[in-house]
Every structure is written in C-alpha cells, then in structure tokens.
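The structure file structure.tsv is reproduced below (TSV, C-alpha atoms).
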```
chain	number	residue	atom	x	y	z
A	1	MET	CA	-24.93	44.92	64.04
A	2	LYS	CA	-23.76	41.63	65.35
A	3	ASN	CA	-24.06	38.45	63.28
A	4	GLN	CA	-25.97	35.81	65.12
A	5	ALA	CA	-25.20	32.20	64.30
A	6	THR	CA	-27.58	29.36	64.80
A	7	VAL	CA	-26.01	26.29	66.39
A	8	ILE	CA	-27.27	23.03	64.94
A	9	PRO	CA	-26.58	20.06	67.17
A	10	LEU	CA	-24.88	17.05	65.53
A	11	VAL	CA	-26.54	13.71	65.83
A	12	ASN	CA	-23.99	11.10	66.76
A	13	GLU	CA	-26.30	8.14	66.28
A	14	PRO	CA	-26.37	6.99	62.66
A	15	ALA	CA	-29.69	6.62	60.96
A	16	THR	CA	-30.98	3.15	60.75
A	17	LEU	CA	-31.61	1.95	57.19
A	18	ASN	CA	-33.99	-0.86	56.57
A	19	ALA	CA	-31.90	-2.63	53.89
A	20	GLN	CA	-31.62	-6.34	53.30
A	21	ILE	CA	-28.19	-7.70	52.40
A	22	ILE	CA	-28.35	-10.40	49.72
A	23	PRO	CA	-25.15	-12.47	49.45
A	24	LEU	CA	-23.80	-12.94	45.92
A	25	ASN	CA	-23.17	-16.47	44.75
A	26	ASN	CA	-19.86	-16.26	42.92
A	27	ASN	CA	-19.66	-19.98	42.33
A	28	PRO	CA	-21.48	-20.98	39.15
A	29	THR	CA	-23.99	-23.74	39.32
A	30	PRO	CA	-22.84	-27.18	38.19
A	31	LYS	CA	-24.98	-26.84	35.06
A	32	ALA	CA	-23.39	-23.51	34.11
A	33	ARG	CA	-19.92	-24.85	34.83
A	34	ARG	CA	-20.60	-27.91	32.70
A	35	ARG	CA	-21.83	-25.74	29.83
A	36	PHE	CA	-18.71	-23.58	30.07
A	37	THR	CA	-16.33	-26.53	29.89
A	38	LEU	CA	-18.18	-28.49	27.23
A	39	ARG	CA	-18.60	-25.68	24.75
A	40	PRO	CA	-14.95	-25.45	23.59
A	41	LEU	CA	-14.80	-29.24	23.40
A	42	LEU	CA	-17.91	-29.39	21.25
A	43	GLN	CA	-16.57	-26.64	19.01
A	44	ARG	CA	-13.57	-28.83	18.26
A	45	ILE	CA	-15.37	-32.15	17.94
A	46	ILE	CA	-18.42	-31.20	15.87
A	47	PRO	CA	-16.47	-29.88	12.82
A	48	GLY	CA	-14.30	-33.01	12.82
A	49	VAL	CA	-17.35	-35.27	12.98
A	50	CYS	CA	-18.94	-33.37	10.10
A	51	GLY	CA	-15.76	-33.78	8.07
A	52	MET	CA	-15.73	-37.54	8.68
A	53	ILE	CA	-19.39	-37.82	7.70
A	54	LEU	CA	-18.64	-35.93	4.48
A	55	LEU	CA	-15.72	-38.25	3.75
A	56	LEU	CA	-17.85	-41.35	4.29
A	57	GLY	CA	-20.57	-39.92	2.06
A	58	VAL	CA	-18.16	-39.22	-0.80
A	59	TRP	CA	-16.64	-42.66	-0.29
A	60	GLN	CA	-20.05	-44.34	-0.51
A	61	ILE	CA	-20.97	-42.40	-3.66
A	62	ALA	CA	-17.67	-43.39	-5.29
A	63	ALA	CA	-18.33	-47.04	-4.40
A	64	LEU	CA	-21.81	-46.92	-5.92
A	65	TYR	CA	-20.67	-45.50	-9.25
A	66	SER	CA	-17.48	-47.55	-9.71
A	67	THR	CA	-16.83	-51.21	-10.33
A	68	GLY	CA	-14.83	-53.14	-7.77
A	69	PHE	CA	-14.35	-50.23	-5.37
A	70	PRO	CA	-15.50	-51.25	-1.86
A	71	GLY	CA	-17.73	-49.09	0.29
A	72	PRO	CA	-17.38	-48.19	3.97
A	73	VAL	CA	-19.48	-51.13	5.20
A	74	SER	CA	-17.53	-53.86	3.40
A	75	THR	CA	-14.23	-52.21	4.38
A	76	TRP	CA	-15.32	-52.15	8.03
A	77	GLN	CA	-16.17	-55.85	7.88
A	78	ALA	CA	-12.75	-56.59	6.39
A	79	ALA	CA	-11.10	-54.50	9.12
A	80	VAL	CA	-12.87	-56.49	11.84
A	81	THR	CA	-11.53	-59.70	10.32
A	82	LEU	CA	-8.06	-58.25	9.81
A	83	PHE	CA	-7.65	-56.90	13.34
A	84	ALA	CA	-9.03	-60.05	14.94
A	85	ASP	CA	-5.47	-61.44	14.82
A	86	PRO	CA	-3.03	-58.72	13.67
A	87	PHE	CA	0.08	-60.56	14.89
A	88	TYR	CA	-0.32	-64.00	13.37
A	89	ASN	CA	2.72	-65.60	11.78
A	90	ALA	CA	2.22	-68.23	9.08
A	91	GLY	CA	5.66	-67.92	7.50
A	92	PRO	CA	8.05	-65.23	6.27
A	93	ASN	CA	5.68	-64.11	3.50
A	94	ASP	CA	2.43	-64.43	5.44
A	95	GLN	CA	2.33	-62.35	8.62
A	96	GLY	CA	-0.24	-60.11	10.24
A	97	ILE	CA	-0.62	-56.41	9.68
A	98	GLY	CA	0.87	-55.68	13.10
A	99	TRP	CA	4.21	-57.25	12.21
A	100	ASN	CA	4.30	-55.33	8.93
A	101	VAL	CA	3.73	-52.00	10.66
A	102	LEU	CA	6.42	-52.78	13.24
A	103	ALA	CA	8.89	-53.72	10.49
A	104	SER	CA	8.25	-50.41	8.73
A	105	LEU	CA	8.64	-48.48	11.99
A	106	GLN	CA	11.94	-50.25	12.61
A	107	ARG	CA	13.30	-49.17	9.22
A	108	VAL	CA	12.08	-45.63	9.82
A	109	ALA	CA	13.75	-45.58	13.24
A	110	ILE	CA	17.09	-46.69	11.79
A	111	GLY	CA	17.12	-44.27	8.86
A	112	PHE	CA	15.66	-41.38	10.83
A	113	GLY	CA	18.00	-41.95	13.78
A	114	LEU	CA	21.07	-41.90	11.54
A	115	ALA	CA	19.79	-38.75	9.84
A	116	ALA	CA	19.36	-37.04	13.21
A	117	LEU	CA	22.86	-38.06	14.34
A	118	VAL	CA	24.38	-36.57	11.19
A	119	GLY	CA	21.97	-33.78	10.28
A	120	ILE	CA	21.64	-31.91	13.57
A	121	PRO	CA	25.43	-31.53	14.22
A	122	ALA	CA	25.93	-30.67	10.56
A	123	GLY	CA	23.27	-27.97	10.82
A	124	PHE	CA	25.04	-26.50	13.86
A	125	LEU	CA	28.34	-26.35	11.98
A	126	LEU	CA	26.85	-24.87	8.81
A	127	GLY	CA	25.01	-22.20	10.77
A	128	ARG	CA	27.93	-21.41	13.06
A	129	PHE	CA	30.70	-21.12	10.47
A	130	LEU	CA	30.00	-18.96	7.44
A	131	PHE	CA	32.60	-20.65	5.24
A	132	LEU	CA	31.08	-24.11	5.76
A	133	GLY	CA	27.59	-22.76	5.14
A	134	ARG	CA	28.59	-21.23	1.82
A	135	MET	CA	30.52	-24.33	0.82
A	136	PHE	CA	27.69	-26.84	1.38
A	137	SER	CA	24.74	-24.62	0.47
A	138	PRO	CA	24.94	-25.43	-3.30
A	139	ILE	CA	25.19	-29.15	-2.55
A	140	ILE	CA	22.10	-29.09	-0.31
A	141	ALA	CA	20.17	-27.01	-2.84
A	142	LEU	CA	21.05	-29.53	-5.56
A	143	LEU	CA	20.28	-32.77	-3.67
A	144	ARG	CA	17.26	-31.74	-1.60
A	145	PRO	CA	14.69	-31.68	-4.46
A	146	VAL	CA	15.67	-35.16	-5.69
A	147	SER	CA	12.82	-37.67	-5.54
A	148	PRO	CA	13.16	-40.20	-2.71
A	149	LEU	CA	12.83	-43.22	-5.01
A	150	ALA	CA	15.74	-41.97	-7.12
A	151	TRP	CA	18.04	-42.79	-4.18
A	152	LEU	CA	16.84	-46.38	-3.86
A	153	PRO	CA	18.87	-47.83	-6.79
A	154	ILE	CA	21.98	-46.12	-5.37
A	155	GLY	CA	21.34	-47.83	-2.05
A	156	LEU	CA	20.85	-51.21	-3.74
A	157	LEU	CA	24.13	-50.72	-5.61
A	158	LEU	CA	26.04	-49.70	-2.50
A	159	PHE	CA	24.68	-52.26	-0.03
A	160	GLN	CA	23.71	-55.10	-2.41
A	161	ARG	CA	20.67	-55.82	-0.21
A	162	ALA	CA	17.16	-54.45	0.07
A	163	GLU	CA	17.12	-54.01	3.86
A	164	PRO	CA	19.93	-51.43	4.18
A	165	ALA	CA	18.82	-49.78	0.95
A	166	SER	CA	15.44	-48.83	2.46
A	167	SER	CA	17.06	-47.31	5.52
A	168	TRP	CA	19.54	-45.49	3.28
A	169	THR	CA	16.66	-43.97	1.30
A	170	ILE	CA	15.01	-42.75	4.50
A	171	PHE	CA	18.31	-41.36	5.74
A	172	ILE	CA	19.12	-39.35	2.63
A	173	CYS	CA	15.59	-37.93	2.33
A	174	SER	CA	14.95	-37.03	5.97
A	175	ILE	CA	18.31	-35.41	6.68
A	176	TRP	CA	17.70	-32.18	4.75
A	177	PRO	CA	14.94	-30.61	6.92
A	178	MET	CA	17.04	-31.15	10.05
A	179	VAL	CA	20.16	-29.62	8.47
A	180	ILE	CA	18.33	-26.60	7.04
A	181	ASN	CA	16.20	-25.81	10.11
A	182	THR	CA	19.11	-26.22	12.51
A	183	ALA	CA	21.38	-24.00	10.40
A	184	GLU	CA	18.72	-21.29	10.10
A	185	GLY	CA	18.08	-21.45	13.84
A	186	VAL	CA	21.78	-20.90	14.57
A	187	GLN	CA	21.96	-17.99	12.14
A	188	ARG	CA	18.97	-16.26	13.79
A	189	ILE	CA	20.57	-16.19	17.24
A	190	PRO	CA	21.14	-12.55	18.33
A	191	ARG	CA	24.74	-11.48	17.89
A	192	ASP	CA	24.77	-10.07	21.42
A	193	TYR	CA	24.79	-13.60	22.83
A	194	LEU	CA	27.89	-14.49	20.85
A	195	ASN	CA	29.59	-11.18	21.67
A	196	VAL	CA	29.11	-11.85	25.38
A	197	ALA	CA	30.60	-15.31	24.87
A	198	ARG	CA	33.67	-13.77	23.24
A	199	VAL	CA	34.07	-11.30	26.09
A	200	LEU	CA	33.93	-14.15	28.60
A	201	ASN	CA	36.46	-16.16	26.50
A	202	LEU	CA	34.17	-19.19	26.35
A	203	SER	CA	35.31	-22.18	24.39
A	204	GLU	CA	33.51	-23.25	21.21
A	205	PHE	CA	32.15	-26.34	22.94
A	206	THR	CA	30.77	-24.22	25.79
A	207	ILE	CA	29.15	-21.85	23.28
A	208	MET	CA	27.52	-24.79	21.54
A	209	ARG	CA	26.29	-26.32	24.79
A	210	LYS	CA	25.27	-23.24	26.78
A	211	ILE	CA	24.14	-20.75	24.12
A	212	LEU	CA	23.48	-22.30	20.73
A	213	PHE	CA	21.74	-25.53	21.70
A	214	PRO	CA	19.13	-24.04	24.11
A	215	ALA	CA	18.32	-21.21	21.68
A	216	VAL	CA	18.14	-23.44	18.58
A	217	LEU	CA	16.25	-26.33	20.15
A	218	PRO	CA	12.77	-25.21	18.90
A	219	ALA	CA	14.10	-24.94	15.34
A	220	VAL	CA	15.77	-28.35	15.67
A	221	LEU	CA	12.53	-29.96	16.80
A	222	THR	CA	10.69	-28.35	13.88
A	223	GLY	CA	13.16	-29.96	11.49
A	224	VAL	CA	12.77	-33.28	13.29
A	225	ARG	CA	8.99	-33.10	12.96
A	226	LEU	CA	9.22	-32.43	9.23
A	227	SER	CA	11.75	-35.22	8.78
A	228	ILE	CA	9.67	-37.88	10.50
A	229	GLY	CA	6.78	-37.13	8.15
A	230	ILE	CA	9.03	-37.49	5.12
A	231	ALA	CA	10.54	-40.70	6.49
A	232	TRP	CA	7.13	-42.30	7.00
A	233	LEU	CA	6.07	-41.30	3.47
A	234	VAL	CA	9.23	-42.68	1.88
A	235	ILE	CA	9.20	-46.07	3.58
A	236	VAL	CA	5.88	-47.08	2.00
A	237	ALA	CA	7.13	-46.40	-1.52
A	238	ALA	CA	10.52	-48.00	-0.86
A	239	GLU	CA	9.00	-51.20	0.51
A	240	MET	CA	6.78	-51.56	-2.55
A	241	LEU	CA	9.92	-51.83	-4.67
A	242	THR	CA	12.20	-53.78	-2.36
A	243	GLY	CA	9.68	-56.29	-1.00
A	244	GLY	CA	10.00	-58.17	2.27
A	245	LEU	CA	8.13	-57.52	5.48
A	246	GLY	CA	6.58	-54.05	5.76
A	247	ILE	CA	3.41	-52.07	5.25
A	248	GLY	CA	4.44	-50.99	1.72
A	249	PHE	CA	5.04	-54.54	0.54
A	250	TRP	CA	1.84	-55.65	2.29
A	251	ILE	CA	-0.16	-53.11	0.26
A	252	TRP	CA	1.43	-54.30	-2.97
A	253	ASN	CA	0.77	-57.93	-2.07
A	254	GLU	CA	-2.88	-57.18	-1.33
A	255	TRP	CA	-3.17	-55.43	-4.69
A	256	ASN	CA	-1.85	-58.52	-6.42
A	257	ASN	CA	-4.51	-60.53	-4.57
A	258	LEU	CA	-7.17	-57.90	-5.47
A	259	ASN	CA	-8.02	-57.24	-1.80
A	260	VAL	CA	-8.94	-53.60	-2.21
A	261	GLU	CA	-10.57	-53.46	1.22
A	262	ASN	CA	-7.25	-54.32	2.85
A	263	ILE	CA	-5.52	-51.62	0.80
A	264	LEU	CA	-7.95	-49.01	2.12
A	265	ILE	CA	-7.39	-50.30	5.65
A	266	ALA	CA	-3.63	-50.00	5.17
A	267	ILE	CA	-4.04	-46.42	3.95
A	268	ALA	CA	-5.96	-45.60	7.13
A	269	ILE	CA	-3.27	-47.28	9.26
A	270	ILE	CA	-0.52	-45.29	7.52
A	271	GLY	CA	-2.42	-42.07	8.17
A	272	VAL	CA	-3.04	-42.85	11.84
A	273	VAL	CA	0.58	-43.85	12.51
A	274	GLY	CA	1.90	-40.76	10.73
A	275	LEU	CA	-0.50	-38.55	12.69
A	276	LEU	CA	0.59	-40.07	16.00
A	277	LEU	CA	4.27	-39.60	15.18
A	278	GLU	CA	3.75	-35.97	14.19
A	279	GLN	CA	1.59	-35.15	17.21
A	280	ALA	CA	4.13	-36.71	19.58
A	281	LEU	CA	6.89	-34.54	18.13
A	282	MET	CA	4.67	-31.45	18.24
A	283	LEU	CA	4.06	-32.02	21.95
A	284	LEU	CA	7.80	-32.40	22.44
A	285	ALA	CA	8.43	-29.19	20.51
A	286	ARG	CA	5.94	-27.27	22.66
A	287	ARG	CA	7.56	-28.67	25.78
A	288	PHE	CA	10.96	-27.20	24.86
A	289	SER	CA	9.76	-23.98	23.20
A	290	TRP	CA	10.63	-20.95	25.34
A	291	GLN	CA	8.04	-18.80	23.54
A	292	ASP	CA	5.20	-21.12	24.54
A	293	SER	CA	6.55	-21.25	28.08
A	294	GLN	CA	6.45	-17.46	28.33
A	295	GLN	CA	2.86	-17.36	27.08
A	296	GLU	CA	1.81	-19.97	29.64
A	297	ASN	CA	3.47	-18.00	32.45
A	298	LYS	CA	1.54	-14.88	31.44
```
In structure tokens, how does this file's structure come out?
Amino acid sequence: MKNQATVIPLVNEPATLNAQIIPLNNNPTPKARRRFTLRPLLQRIIPGVCGMILLLGVWQIAALYSTGFPGPVSTWQAAVTLFADPFYNAGPNDQGIGWNVLASLQRVAIGFGLAALVGIPAGFLLGRFLFLGRMFSPIIALLRPVSPLAWLPIGLLLFQRAEPASSWTIFICSIWPMVINTAEGVQRIPRDYLNVARVLNLSEFTIMRKILFPAVLPAVLTGVRLSIGIAWLVIVAAEMLTGGLGIGFWIWNEWNNLNVENILIAIAIIGVVGLLLEQALMLLARRFSWQDSQQENK
C-alpha cells in the first residue's frame, strides 16, 4: 500500500484582527507628579512642626505655673522690639544683639582657626608615626576631659587680658576632636597604600599630600564639625566670666536687669547659630566624602 498525503495550501495573507491600539501615557499627570514630590517633603516637615507645637505647649504651661517666667507671646513681642534695631551702638557697654553675636563669632573664629592649624597637622603626625602617637596619647587622655572653664584662669594668668583668654579657652577645648579624629583616620588607611608608596620611593611629603590627606579628609572634617560645636558652647560660658562684648556677657547683663525674655531670645539665637555652623560643615563633609560620592554615582 502506498501512503497518500494530503497537501494543505498555505495562506500567505495574514488574518486581519480587529484590535484597537491604545497608547500608554507614561508621563504622570501634573497632580500625580505634585503628590509624588510633596509627600517626602511633608514627611519631613510635619514631624518638625509637631515637635515645635509640643515645645510651645510645654513652654506655655511652664509660664502659667511659675512666677516671672515669660510665655511665648511676651517673648515674641520682646523679640520684635529687639530685632527692630539689632545693630545699634549707644556706647561700649550698650550695643545691639547683632554686634554681640558678631563679637562671639570673631572669638570663635580665632580660637577655632588656631586649633585647626595646630590640631590637624598634629593628628597627621600622631597617626603616621607610632612613637609620637604613644608618646602623646597619655597627655591627650589626661587633658581632654578637663572642663573648658578650668582653662580660663590659666589663660587670664598667661595673657593678663580677657580677650586673648577667651580665644585660648576655645583653642584648648576644640583642638582635641581634630587631633583624635585625624590620627584615627590616618591609622585606618590600608597598609597597601603605604606599601605601594614605599615601592615607588615616594617622599614623606608626597605621601602626606597624595595618599594620607585625600583618604583622611572625611575624618578630618568630622573632627572639625565636632570642634566647632564645642567652640560655640565654650564661648558663651567664657564670656559670662570675662565680660565685654559678646553673646555670653549680653545674657548675663540681661539677667542682672531681669529681662528674662531677652535671655530666652539669646538662647534661641545661640541654638540657631550653632545649627547653621554645624549644617555648613556637614555639607562640606558630604562634599569631600568619597563614600557619599560613590553612592551618588550608583
């Protein structure tokens, strides 16, 4: 028997499908886009606003149940009067709050700048050379916990004036975070980097400039950020004891005049200035941090 095959002709023309193509709109509507961008912002703002409302509520309750303690409304009225002319000058002992803040910032800049000039190179040397690190480690451990105001009489004895003594107090208190963080940053550098430098016969200055400084810069900026906070805290206490122009002496003078509203305003000013200084240094630290740069590139 022969197998017979049935030939089925192929249809070359494709079947026509009655389908309607609906284009997809990948671009979100302006309302959806606005909701997407505002949600993270609201998540950050709403908790902060709630915290401020809680603070004002506790403040108002404390003012109601205490004698002589001003509430938020009276303090706000005093602030409006105070900031109406913050840079008036009626004599050496009667100047506006703006001049007092600038005087304190000037002292902080002098003491903090000297501490950075001494502390950062010292931290590099202590971290780079083991003998120096072991030699000065007991001295740092002994002097670092000393209260800032304990150094003020030493400054008055050495300089015989209140103005250098305040800067000296800031210097001696803000130098330790920079020394410690810089030294620890140098010690955490991988040994392979230094071994390659020895193979290439690089000089010590080239090692410092090309290897140590770029790798240790985030740790240095962390120490700088901690030091500026300590410096701003110390200057207020030092000015209360030394007198003269400055936010610390201004607070003490207002206490002698029983202007509690102005004291509360000064506390808020100290907090705002300290926050701005710290945030500025944090932005600078993120700018030079290689870890953050790698995360952004990903």
I'd like the neighbourhood of Ala141 in chain A as JSON, numbers by chain, where a residue qualifies if any of its atoms comes within 12 Å (using only C-alpha atoms), though same-chain residues fewer than 4 positions away should be ignored.
{"A": [133, 134, 135, 136, 137, 145, 146, 176, 177, 179, 180]}
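Comparing A:Pro190, A:Pro47, A:Pro92, A:Gly274 by their smallest distance to Leu245 in chain A, the closest is A:Pro92 (using all atoms listed in the file).
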Please provide as a ChimeraX atom specification all residues within 12 Å of Val73 in chain A, with the sequence filter that same-chain residues fewer than 2 positions apart are discarded (counting all atoms listed in the file).
/A:56-57,59-60,63,69-71,75-80,261
What is the CA of Ser74 in chain A to CA of Val58 in chain A distance in Å?
15.2 Å
How many Å separate CA of Leu158 in chain A from CA of Val118 in chain A?
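We find that CA of Leu158 in chain A and CA of Val118 in chain A lie 19.0 Å from each other.
Minimum atom-to-atom distance to Ile251 in chain A, evaluated using only C-alpha atoms, belongs to A:Ile97 out of A:Ser203, A:Pro121, A:Ile97, A:Leu82.
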Check the smallest atom-to-atom distance from each of A:Leu117, A:Leu221, A:Met282, A:Val186 to Met208 in chain A using all atoms listed in the file, then report the winner.
A:Val186
Among the residues A:Leu258, A:Ala62, A:Ala183, A:Val101, the one that comes closest to Gly271 in chain A [using all atoms listed in the file]:
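The closest residue to Gly271 in chain A is A:Val101.
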Taking all atoms listed in the file into account, produce a table as CSV in which each residue of range 171-226 of chain A with an atom at most 10 Å from an atom of range 231-244 of chain A appears once, together with its shortest atom pair and the distance in Å to one decimal, ordered by chain and rising number.
```
residue,atom,partner,partner_atom,distance
A:Phe171,CA,A:Ala231,CA,7.8
A:Ile172,CA,A:Ala231,CA,9.5
A:Cys173,CA,A:Ala231,CA,7.1
A:Ser174,CA,A:Ala231,CA,5.8
A:Ile175,CA,A:Ala231,CA,9.4
A:Leu226,CA,A:Ala231,CA,8.8
```
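CA of Ile140 in chain A is positioned 16.5 Å from CA of Arg128 in chain A.
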With a distance cut-off of 12 Å and only C-alpha atoms, select the neighbouring residues of Val273 in chain A, excluding the residue or stretch itself and same-chain residues fewer than 5 positions from it, and output the selection as a tab-separated table (two decimals) with C-alpha atoms, in the coordinates of the input.
```
chain	number	residue	atom	x	y	z
A	98	GLY	CA	0.87	-55.68	13.10
A	101	VAL	CA	3.73	-52.00	10.66
A	102	LEU	CA	6.42	-52.78	13.24
A	104	SER	CA	8.25	-50.41	8.73
A	105	LEU	CA	8.64	-48.48	11.99
A	108	VAL	CA	12.08	-45.63	9.82
A	228	ILE	CA	9.67	-37.88	10.50
A	229	GLY	CA	6.78	-37.13	8.15
A	232	TRP	CA	7.13	-42.30	7.00
A	233	LEU	CA	6.07	-41.30	3.47
A	247	ILE	CA	3.41	-52.07	5.25
A	266	ALA	CA	-3.63	-50.00	5.17
A	267	ILE	CA	-4.04	-46.42	3.95
A	268	ALA	CA	-5.96	-45.60	7.13
A	278	GLU	CA	3.75	-35.97	14.19
A	279	GLN	CA	1.59	-35.15	17.21
A	280	ALA	CA	4.13	-36.71	19.58
```
Counting only C-alpha atoms, figure out which residue out of A:Gly48, A:Leu275, A:Pro164, A:Phe124 gets nearest to Arg209 in chain A.
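Using only C-alpha atoms, the shortest distance to Arg209 in chain A belongs to A:Phe124.
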What's around Gly111 in chain A at 7 Å? Count all atoms listed in the file, leave out sequence neighbours fewer than 6 positions away in its own chain, and write the answer as a PyMOL selection string.
chain A and resi 167-168+170-171
My list of candidates is A:Pro153, A:Pro218, A:Gly91, A:Pro148. Which is closest to Asn181 in chain A when distances are computed with all atoms listed in the file?
A:Pro218
For Ala103 in chain A, please output as a list in words all residues within 6 Å (counting only C-alpha atoms; exclusion window: fewer than 3 positions along the same chain).
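Residues meeting the cut-off are Asn100, Gln106 and Gly246 of chain A.
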Please put the answer as JSON: centre and edge lengths, in Å with one decimal, of a box along x, y and z that encloses all listed atoms of range 144-156 of chain A plus 3 Å on each side.
```
{"center_x": 17.4, "center_y": -41.4, "center_z": -4.4, "size_x": 15.2, "size_y": 25.5, "size_z": 11.5}
```
